[in-house]
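**Student:** Sharing data.cif (mmCIF, C-alpha atoms (C1' of nucleotides)) below.
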```
data_upload
loop_
_atom_site.label_atom_id
_atom_site.label_comp_id
_atom_site.auth_asym_id
_atom_site.auth_seq_id
_atom_site.Cartn_x
_atom_site.Cartn_y
_atom_site.Cartn_z
CA MET A 30 0.00 0.00 0.00
CA LYS A 31 1.10 3.55 -0.50
CA LYS A 32 1.49 5.80 2.49
CA GLY A 33 -0.31 9.09 2.01
CA TYR A 34 0.61 12.60 3.01
CA CYS A 35 -1.11 12.12 6.33
CA PRO A 36 -2.95 9.23 8.04
CA ILE A 37 -6.37 10.22 6.80
CA ASP A 38 -4.99 10.33 3.29
CA THR A 39 -3.52 6.87 3.72
CA PHE A 40 -6.83 5.53 4.89
CA ILE A 41 -8.77 7.09 2.03
CA GLN A 42 -6.34 5.71 -0.51
CA SER A 43 -6.82 2.19 0.77
CA ILE A 44 -10.60 2.26 0.38
CA LYS A 45 -11.31 4.74 -2.40
CA GLY A 46 -11.02 2.28 -5.31
CA LYS A 47 -14.10 1.35 -7.33
CA ARG A 48 -16.67 -0.21 -4.99
CA LYS A 49 -14.07 -1.14 -2.37
CA GLY A 50 -16.24 0.16 0.43
CA THR A 51 -19.14 -1.97 -0.74
CA ILE A 52 -16.94 -5.04 -1.11
CA ILE A 53 -15.72 -4.72 2.47
CA LEU A 54 -19.27 -4.11 3.62
CA HIS A 55 -20.39 -7.38 2.04
CA LEU A 56 -17.51 -9.24 3.64
CA PHE A 57 -18.47 -7.89 7.05
CA ILE A 58 -21.60 -9.98 6.81
CA GLU A 59 -19.90 -13.18 5.76
CA LYS A 60 -17.17 -14.60 3.60
CA ARG A 61 -18.02 -14.67 -0.06
CA ARG A 62 -16.98 -16.41 -3.22
CA TYR A 63 -15.94 -14.49 -6.30
CA ASN A 64 -19.16 -15.14 -8.15
CA GLU A 65 -21.29 -14.25 -5.17
CA LEU A 66 -19.63 -10.86 -5.02
CA ALA A 67 -20.08 -10.42 -8.76
CA LYS A 68 -23.80 -11.07 -8.40
CA LEU A 69 -24.11 -8.77 -5.41
CA MET A 70 -22.56 -5.94 -7.44
CA PRO A 71 -23.83 -6.22 -11.02
CA ASP A 72 -22.69 -2.68 -11.76
CA ILE A 73 -18.99 -3.52 -11.63
CA SER A 74 -17.23 -5.42 -14.39
CA GLU A 75 -15.49 -8.66 -13.50
CA ARG A 76 -12.14 -7.23 -14.49
CA MET A 77 -12.65 -4.38 -12.04
CA LEU A 78 -13.89 -6.68 -9.31
CA SER A 79 -10.85 -8.93 -9.48
CA LYS A 80 -8.59 -5.91 -9.60
CA GLN A 81 -10.14 -4.35 -6.51
CA LEU A 82 -10.01 -7.66 -4.70
CA LYS A 83 -6.34 -8.02 -5.50
CA GLU A 84 -5.59 -4.53 -4.25
CA LEU A 85 -7.53 -5.07 -1.05
CA GLU A 86 -5.59 -8.27 -0.59
CA GLU A 87 -2.27 -6.49 -1.11
CA ASP A 88 -3.37 -3.88 1.40
CA LEU A 89 -3.95 -6.72 3.88
CA LEU A 90 -7.60 -5.82 4.39
CA ILE A 91 -8.97 -9.05 2.92
CA GLN A 92 -7.61 -12.53 2.37
CA LYS A 93 -8.57 -15.35 0.09
CA THR A 94 -8.74 -19.05 0.73
CA ILE A 95 -8.32 -21.33 -2.24
CA TYR A 96 -9.84 -24.79 -2.09
CA PRO A 97 -8.13 -27.22 -4.46
CA GLU A 98 -11.31 -28.54 -5.96
CA VAL A 99 -12.78 -28.95 -9.38
CA PRO A 100 -14.45 -26.64 -10.14
CA PRO A 101 -12.20 -24.23 -8.21
CA ARG A 102 -13.53 -22.53 -5.13
CA VAL A 103 -12.13 -19.32 -3.70
CA GLU A 104 -13.48 -17.55 -0.66
CA TYR A 105 -12.78 -13.98 0.30
CA SER A 106 -12.91 -12.87 3.90
CA LEU A 107 -11.71 -10.00 6.06
CA THR A 108 -8.33 -10.11 7.75
CA ASN A 109 -8.04 -8.97 11.35
CA LEU A 110 -6.89 -5.62 10.01
CA GLY A 111 -9.96 -5.48 7.83
CA LYS A 112 -12.21 -6.29 10.75
CA GLU A 113 -10.66 -3.52 12.78
CA ILE A 114 -11.83 -0.84 10.39
CA GLN A 115 -15.39 -2.12 10.49
CA PRO A 116 -16.69 0.56 12.89
CA VAL A 117 -15.12 3.24 10.73
CA LEU A 118 -16.80 1.91 7.60
CA LYS A 119 -20.10 1.71 9.43
CA SER A 120 -19.95 5.34 10.50
CA MET A 121 -18.99 6.26 6.96
CA PHE A 122 -22.08 4.41 5.79
CA ARG A 123 -24.26 6.35 8.20
CA ALA A 124 -22.66 9.63 7.19
CA GLY A 125 -23.31 8.72 3.55
CA ILE A 126 -27.02 8.33 4.25
CA HIS A 127 -26.91 11.71 5.88
CA LEU A 128 -25.18 13.31 2.89
CA GLU A 129 -27.70 11.78 0.50
CA LYS A 130 -30.53 13.31 2.47
CA GLN A 131 -28.93 16.72 2.15
CA MET A 132 -28.60 16.25 -1.61
CA GLU A 133 -32.34 15.89 -1.99
CA LYS A 134 -32.92 19.41 -0.78
CA MET R 12 -22.62 16.08 -5.37
CA LYS R 13 -23.03 12.77 -7.07
CA LYS R 14 -24.91 10.02 -5.34
CA GLY R 15 -22.97 6.77 -5.31
CA TYR R 16 -24.10 3.18 -5.67
CA CYS R 17 -24.58 2.97 -1.94
CA PRO R 18 -24.22 5.39 1.00
CA ILE R 19 -20.63 4.43 1.75
CA ASP R 20 -19.79 5.06 -1.87
CA THR R 21 -21.46 8.47 -1.72
CA PHE R 22 -19.46 9.37 1.34
CA ILE R 23 -16.16 8.27 -0.15
CA GLN R 24 -16.82 10.24 -3.31
CA SER R 25 -17.35 13.41 -1.34
CA ILE R 26 -14.00 13.20 0.45
CA LYS R 27 -11.73 11.23 -1.85
CA GLY R 28 -10.45 14.20 -3.90
CA LYS R 29 -6.86 15.30 -3.65
CA ARG R 30 -6.14 16.24 -0.03
CA LYS R 31 -9.80 16.85 0.79
CA GLY R 32 -9.50 14.93 4.03
CA THR R 33 -6.58 17.07 5.09
CA ILE R 34 -8.36 20.27 4.13
CA ILE R 35 -11.35 19.38 6.27
CA LEU R 36 -9.05 18.36 9.08
CA HIS R 37 -7.40 21.78 9.03
CA LEU R 38 -10.78 23.50 9.06
CA PHE R 39 -11.82 21.48 12.10
CA ILE R 40 -9.22 23.39 14.05
CA GLU R 41 -10.19 26.82 12.84
CA LYS R 42 -11.31 28.74 9.82
CA ARG R 43 -8.55 29.44 7.35
CA ARG R 44 -7.73 31.81 4.55
CA TYR R 45 -6.80 30.55 1.12
CA ASN R 46 -3.12 31.33 1.53
CA GLU R 47 -2.97 29.76 4.96
CA LEU R 48 -4.26 26.50 3.53
CA ALA R 49 -1.78 26.73 0.67
CA LYS R 50 1.08 27.08 3.15
CA LEU R 51 -0.22 24.26 5.31
CA MET R 52 -0.21 21.94 2.29
CA PRO R 53 2.82 22.80 0.15
CA ASP R 54 2.48 19.53 -1.75
CA ILE R 55 -0.70 20.58 -3.56
CA SER R 56 -0.72 23.03 -6.45
CA GLU R 57 -2.82 26.16 -6.13
CA ARG R 58 -4.94 25.11 -9.05
CA MET R 59 -5.73 21.84 -7.27
CA LEU R 60 -6.37 23.55 -3.95
CA SER R 61 -8.90 25.97 -5.39
CA LYS R 62 -10.55 23.14 -7.27
CA GLN R 63 -10.90 20.96 -4.19
CA LEU R 64 -12.20 23.92 -2.18
CA LYS R 65 -14.81 24.64 -4.82
CA GLU R 66 -15.94 21.02 -4.88
CA LEU R 67 -16.16 20.85 -1.10
CA GLU R 68 -18.20 24.03 -1.21
CA GLU R 69 -20.55 22.58 -3.82
CA ASP R 70 -20.91 19.49 -1.66
CA LEU R 71 -21.98 21.78 1.18
CA LEU R 72 -19.19 20.59 3.47
CA ILE R 73 -17.42 23.94 3.65
CA GLN R 74 -18.41 27.54 3.07
CA LYS R 75 -16.49 30.69 2.32
CA THR R 76 -16.91 34.16 3.64
CA ILE R 77 -15.71 37.00 1.47
CA TYR R 78 -14.73 40.26 3.12
CA PRO R 79 -14.90 43.21 0.72
CA GLU R 80 -11.51 44.58 1.61
CA VAL R 81 -8.36 45.51 -0.22
CA PRO R 82 -6.44 43.28 -0.34
CA PRO R 83 -9.27 40.74 -0.55
CA ARG R 84 -9.85 38.38 2.34
CA VAL R 85 -11.63 35.05 2.05
CA GLU R 86 -12.14 32.66 4.91
CA TYR R 87 -13.07 29.01 4.59
CA SER R 88 -14.92 27.26 7.37
CA LEU R 89 -16.97 24.13 7.89
CA THR R 90 -20.71 24.12 7.39
CA ASN R 91 -22.92 22.35 9.90
CA LEU R 92 -22.93 19.38 7.55
CA GLY R 93 -19.14 19.46 7.50
CA LYS R 94 -19.01 19.59 11.28
CA GLU R 95 -21.28 16.58 11.51
CA ILE R 96 -18.83 14.31 9.74
CA GLN R 97 -16.02 15.35 12.08
CA PRO R 98 -16.16 12.21 14.25
CA VAL R 99 -16.06 10.06 11.11
CA LEU R 100 -12.99 11.84 9.80
CA LYS R 101 -11.33 11.51 13.17
CA SER R 102 -11.85 7.77 13.29
CA MET R 103 -10.56 7.57 9.73
CA PHE R 104 -7.47 9.41 10.88
CA ARG R 105 -6.93 6.95 13.70
CA ALA R 106 -7.48 4.01 11.37
CA GLY R 107 -4.95 5.53 8.98
CA ILE R 108 -2.32 5.57 11.70
CA HIS R 109 -3.13 1.96 12.33
CA LEU R 110 -2.77 1.04 8.65
CA GLU R 111 0.55 2.85 8.43
CA LYS R 112 1.87 0.81 11.33
CA GLN R 113 0.93 -2.39 9.53
CA MET R 114 2.72 -1.20 6.41
CA GLU R 115 6.01 -1.02 8.28
CA LYS R 116 6.02 -4.73 8.94
"C1'" DC U 16 -15.65 -21.21 -11.51
"C1'" DA U 17 -12.47 -17.62 -11.04
"C1'" DG U 18 -10.03 -15.20 -13.04
"C1'" DC U 19 -6.27 -12.55 -16.67
"C1'" DA U 20 -5.09 -10.17 -21.37
"C1'" DT U 21 -5.82 -6.53 -24.38
"C1'" DC U 22 -7.34 -2.34 -26.09
"C1'" DC U 23 -9.05 2.11 -25.25
"C1'" DG U 24 -11.60 6.47 -23.50
"C1'" DT U 25 -12.09 9.78 -19.93
"C1'" DG U 26 -11.06 12.66 -16.37
"C1'" DA U 27 -8.16 13.47 -12.21
"C1'" DG U 28 -4.44 15.88 -11.28
"C1'" DG U 29 0.32 18.32 -12.39
"C1'" DA U 30 3.10 22.63 -14.25
"C1'" DT U 31 3.17 27.07 -15.54
"C1'" DA U 32 1.52 31.57 -16.47
"C1'" DC U 33 -1.79 35.19 -15.97
"C1'" DT U 34 -5.58 38.50 -13.49
"C1'" DG U 35 -9.18 41.36 -10.59
"C1'" DC I 20 -4.41 38.08 -1.89
"C1'" DA I 21 -7.10 34.75 -4.03
"C1'" DG I 22 -7.78 32.79 -7.39
"C1'" DT I 23 -8.39 31.30 -13.25
"C1'" DA I 24 -6.69 29.68 -17.79
"C1'" DT I 25 -4.37 26.59 -20.58
"C1'" DC I 26 -2.03 22.60 -21.71
"C1'" DC I 27 -0.59 18.00 -20.88
"C1'" DT I 28 0.04 13.27 -18.90
"C1'" DC I 29 -1.10 9.16 -16.94
"C1'" DA I 30 -3.72 5.92 -14.41
"C1'" DC I 31 -8.59 4.71 -13.35
"C1'" DG I 32 -11.90 2.21 -15.07
"C1'" DG I 33 -14.97 0.24 -19.16
"C1'" DA I 34 -15.79 -3.55 -22.82
"C1'" DT I 35 -14.80 -7.73 -24.69
"C1'" DG I 36 -12.71 -12.07 -25.15
"C1'" DC I 37 -9.81 -15.94 -23.56
"C1'" DT I 38 -8.02 -19.72 -20.05
"C1'" DG I 39 -6.50 -23.10 -16.16
#
```
For the file at hand, write its structure as structure tokens.
**Tutor:**
Amino acid sequence: MKKGYCPIDTFIQSIKGKRKGTIILHLFIEKRRYNELAKLMPDISERMLSKQLKELEEDLLIQKTIYPEVPPRVEYSLTNLGKEIQPVLKSMFRAGIHLEKQMEK
Amino acid sequence: MKKGYCPIDTFIQSIKGKRKGTIILHLFIEKRRYNELAKLMPDISERMLSKQLKELEEDLLIQKTIYPEVPPRVEYSLTNLGKEIQPVLKSMFRAGIHLEKQMEK
DNA sequence: CAGCATCCGTGAGGATACTG
DNA sequence: CAGTATCCTCACGGATGCTG
């Protein structure tokens, strides 16, 4: 991961990628397979999804478990680091609802 | 402001611009003039700074007060909406420190 | 099933110079 | 002092197709 100019910048960089917030939100609930995530977020292309997943993995926020089966099975879940930012993401979610209400006016 | 795919996305969009987090952080402390902000963040070009300020203003997170003096004086401060997201930004700051510690390993 | 490869458009953001 | 204007570059992200 790249360190930002200040801590808040670092944090934003790690979660600002396309739909990263939503991905983490889904993984809060439970671990998910690649295709499950793809179906949960139809608006994001598969190329983008795999790219974001890889970045989140490199940033140590999520991890994947590969089961050597046929057909292949891969499950994504939060790392401990990822779980630790859960309350922050939740308050961001709430703040987002608040911002959207303001936009209506 | 643009509404995102979900609230957390909306929130991220409103603060992900270049150094926006830092700008808001500075305005938490006290209202600032344009040049003060520029000096506090030497890494951002003036063009970028004025652009980010304008966007934050359009998103109703900050406001500016223009004093009809010579030389001109303009002060930027947080709106009520901006103040309301303060705790969120603060926890993002703390999380950022945490992420940076992990990066060292 | 879970992806990567390739090609490509758009816009975020940088550098520099100018103005009311 | 507090910005705008102009130009330019590069990486974010889209679309489509292929593979272990």
**Student:** Given the PyMOL selection byres ((chain U) within 12 of (chain R)) and the file above, list the residues it selects as a list of chain:residue names.
**Tutor:** U:DA27, U:DG28, U:DG29, U:DA30, U:DT31, U:DA32, U:DG35
**Student:** Go ahead and compute the interatomic distance for CA of Leu64 in chain R and CA of Tyr87 in chain R, in Å to one decimal.
**Tutor:** 8.5 Å
**Student:** For this structure, which residues satisfy the selection - the PyMOL selection byres ((chain R) within 8 of (chain A)) - when it is evaluated on the file as given? I want them as a list in words.
**Tutor:**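 Answer for the PyMOL selection byres ((chain R) within 8 of (chain A)): Met12, Lys14, Cys17, Pro18, Ile19, Asp20, Thr21, Phe22, Ile23, Gln24, Lys27, Arg30, Gly32, Thr33, Leu92, Ile96, Val99, Leu100, Ser102, Met103, Phe104, Arg105, Ala106, Gly107, Ile108, Leu110, Glu111 and Met114 of chain R.
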**Student:** If you take all atoms listed in the file and a cut-off of 7 Å, which residues of chain R touch chain I, and what are their nearest atom pairs and distances in Å to one decimal, in chain and number order, as a Markdown table?
**Tutor:**
```
| residue | atom | partner | partner_atom | distance |
| --- | --- | --- | --- | --- |
| R:Tyr45 | CA | I:DA21 | C1' | 6.7 |
| R:Pro82 | CA | I:DC20 | C1' | 5.8 |
| R:Pro83 | CA | I:DC20 | C1' | 5.7 |
| R:Arg84 | CA | I:DC20 | C1' | 6.9 |
```
**Student:** Evaluate the PyMOL selection byres ((chain R and resi 40) around 12) here and jot the selected residues down as a list in words.
**Tutor:**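 When the PyMOL selection byres ((chain R and resi 40) around 12) is applied, the selected residues are Thr33, Ile34, Ile35, Leu36, His37, Leu38, Phe39, Glu41, Lys42, Arg43, Tyr87, Ser88, Leu89, Lys94 and Gln97 of chain R.
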**Student:** Go ahead and write the selection's residues with C-alpha atoms as an mmCIF file, in the coordinates of the input.
**Tutor:**
```cif
data_model
loop_
_atom_site.group_PDB
_atom_site.id
_atom_site.type_symbol
_atom_site.label_atom_id
_atom_site.label_comp_id
_atom_site.auth_asym_id
_atom_site.auth_seq_id
_atom_site.Cartn_x
_atom_site.Cartn_y
_atom_site.Cartn_z
ATOM 1 C CA THR R 33 -6.580 17.070 5.090
ATOM 2 C CA ILE R 34 -8.360 20.270 4.130
ATOM 3 C CA ILE R 35 -11.350 19.380 6.270
ATOM 4 C CA LEU R 36 -9.050 18.360 9.080
ATOM 5 C CA HIS R 37 -7.400 21.780 9.030
ATOM 6 C CA LEU R 38 -10.780 23.500 9.060
ATOM 7 C CA PHE R 39 -11.820 21.480 12.100
ATOM 8 C CA GLU R 41 -10.190 26.820 12.840
ATOM 9 C CA LYS R 42 -11.310 28.740 9.820
ATOM 10 C CA ARG R 43 -8.550 29.440 7.350
ATOM 11 C CA TYR R 87 -13.070 29.010 4.590
ATOM 12 C CA SER R 88 -14.920 27.260 7.370
ATOM 13 C CA LEU R 89 -16.970 24.130 7.890
ATOM 14 C CA LYS R 94 -19.010 19.590 11.280
ATOM 15 C CA GLN R 97 -16.020 15.350 12.080
#
```
**Student:** I'd like the interatomic distance between CA of Lys68 in chain A and CA of Glu87 in chain A, to a tenth of an Å.
**Tutor:**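 Distance between the two atoms: 23.2 Å.
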**Student:** State, in Å with one decimal place, the distance from CA of Ala49 in chain R to CA of Pro79 in chain R.
**Tutor:** 21.1 Å
**Student:** Generate the coordinates of N, CA and C atoms for range 61-78 of chain R; report them as a CSV table (one decimal), keeping the file's coordinate frame.
**Tutor:**
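Result file is part-v8.csv:
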```csv
chain,number,residue,atom,x,y,z
R,61,SER,N,-7.7,25.2,-5.1
R,61,SER,CA,-8.9,26.0,-5.4
R,61,SER,C,-10.0,25.1,-6.0
R,62,LYS,N,-9.6,24.1,-6.7
R,62,LYS,CA,-10.6,23.1,-7.3
R,62,LYS,C,-11.2,22.3,-6.2
R,63,GLN,N,-10.4,21.8,-5.3
R,63,GLN,CA,-10.9,21.0,-4.2
R,63,GLN,C,-11.8,21.8,-3.3
R,64,LEU,N,-11.4,23.0,-3.0
R,64,LEU,CA,-12.2,23.9,-2.2
R,64,LEU,C,-13.6,24.2,-2.8
R,65,LYS,N,-13.5,24.4,-4.1
R,65,LYS,CA,-14.8,24.6,-4.8
R,65,LYS,C,-15.7,23.4,-4.8
R,66,GLU,N,-15.1,22.2,-4.9
R,66,GLU,CA,-15.9,21.0,-4.9
R,66,GLU,C,-16.5,20.8,-3.5
R,67,LEU,N,-15.7,21.0,-2.5
R,67,LEU,CA,-16.2,20.8,-1.1
R,67,LEU,C,-17.3,21.8,-0.8
R,68,GLU,N,-17.2,23.0,-1.4
R,68,GLU,CA,-18.2,24.0,-1.2
R,68,GLU,C,-19.5,23.6,-1.9
R,69,GLU,N,-19.4,23.1,-3.1
R,69,GLU,CA,-20.6,22.6,-3.8
R,69,GLU,C,-21.2,21.4,-3.1
R,70,ASP,N,-20.4,20.6,-2.4
R,70,ASP,CA,-20.9,19.5,-1.7
R,70,ASP,C,-21.4,19.9,-0.3
R,71,LEU,N,-21.4,21.2,0.0
R,71,LEU,CA,-22.0,21.8,1.2
R,71,LEU,C,-21.2,21.4,2.4
R,72,LEU,N,-20.0,21.0,2.3
R,72,LEU,CA,-19.2,20.6,3.5
R,72,LEU,C,-18.4,21.8,4.0
R,73,ILE,N,-18.1,22.7,3.2
R,73,ILE,CA,-17.4,23.9,3.6
R,73,ILE,C,-18.1,25.2,3.0
R,74,GLN,N,-17.8,26.3,3.6
R,74,GLN,CA,-18.4,27.5,3.1
R,74,GLN,C,-17.3,28.6,3.1
R,75,LYS,N,-17.5,29.6,2.3
R,75,LYS,CA,-16.5,30.7,2.3
R,75,LYS,C,-17.2,32.0,2.6
R,76,THR,N,-16.4,32.8,3.3
R,76,THR,CA,-16.9,34.2,3.6
R,76,THR,C,-16.0,35.2,3.0
R,77,ILE,N,-16.5,36.0,2.2
R,77,ILE,CA,-15.7,37.0,1.5
R,77,ILE,C,-15.9,38.4,2.1
R,78,TYR,N,-14.7,38.9,2.5
R,78,TYR,CA,-14.7,40.3,3.1
R,78,TYR,C,-14.3,41.3,2.1
```
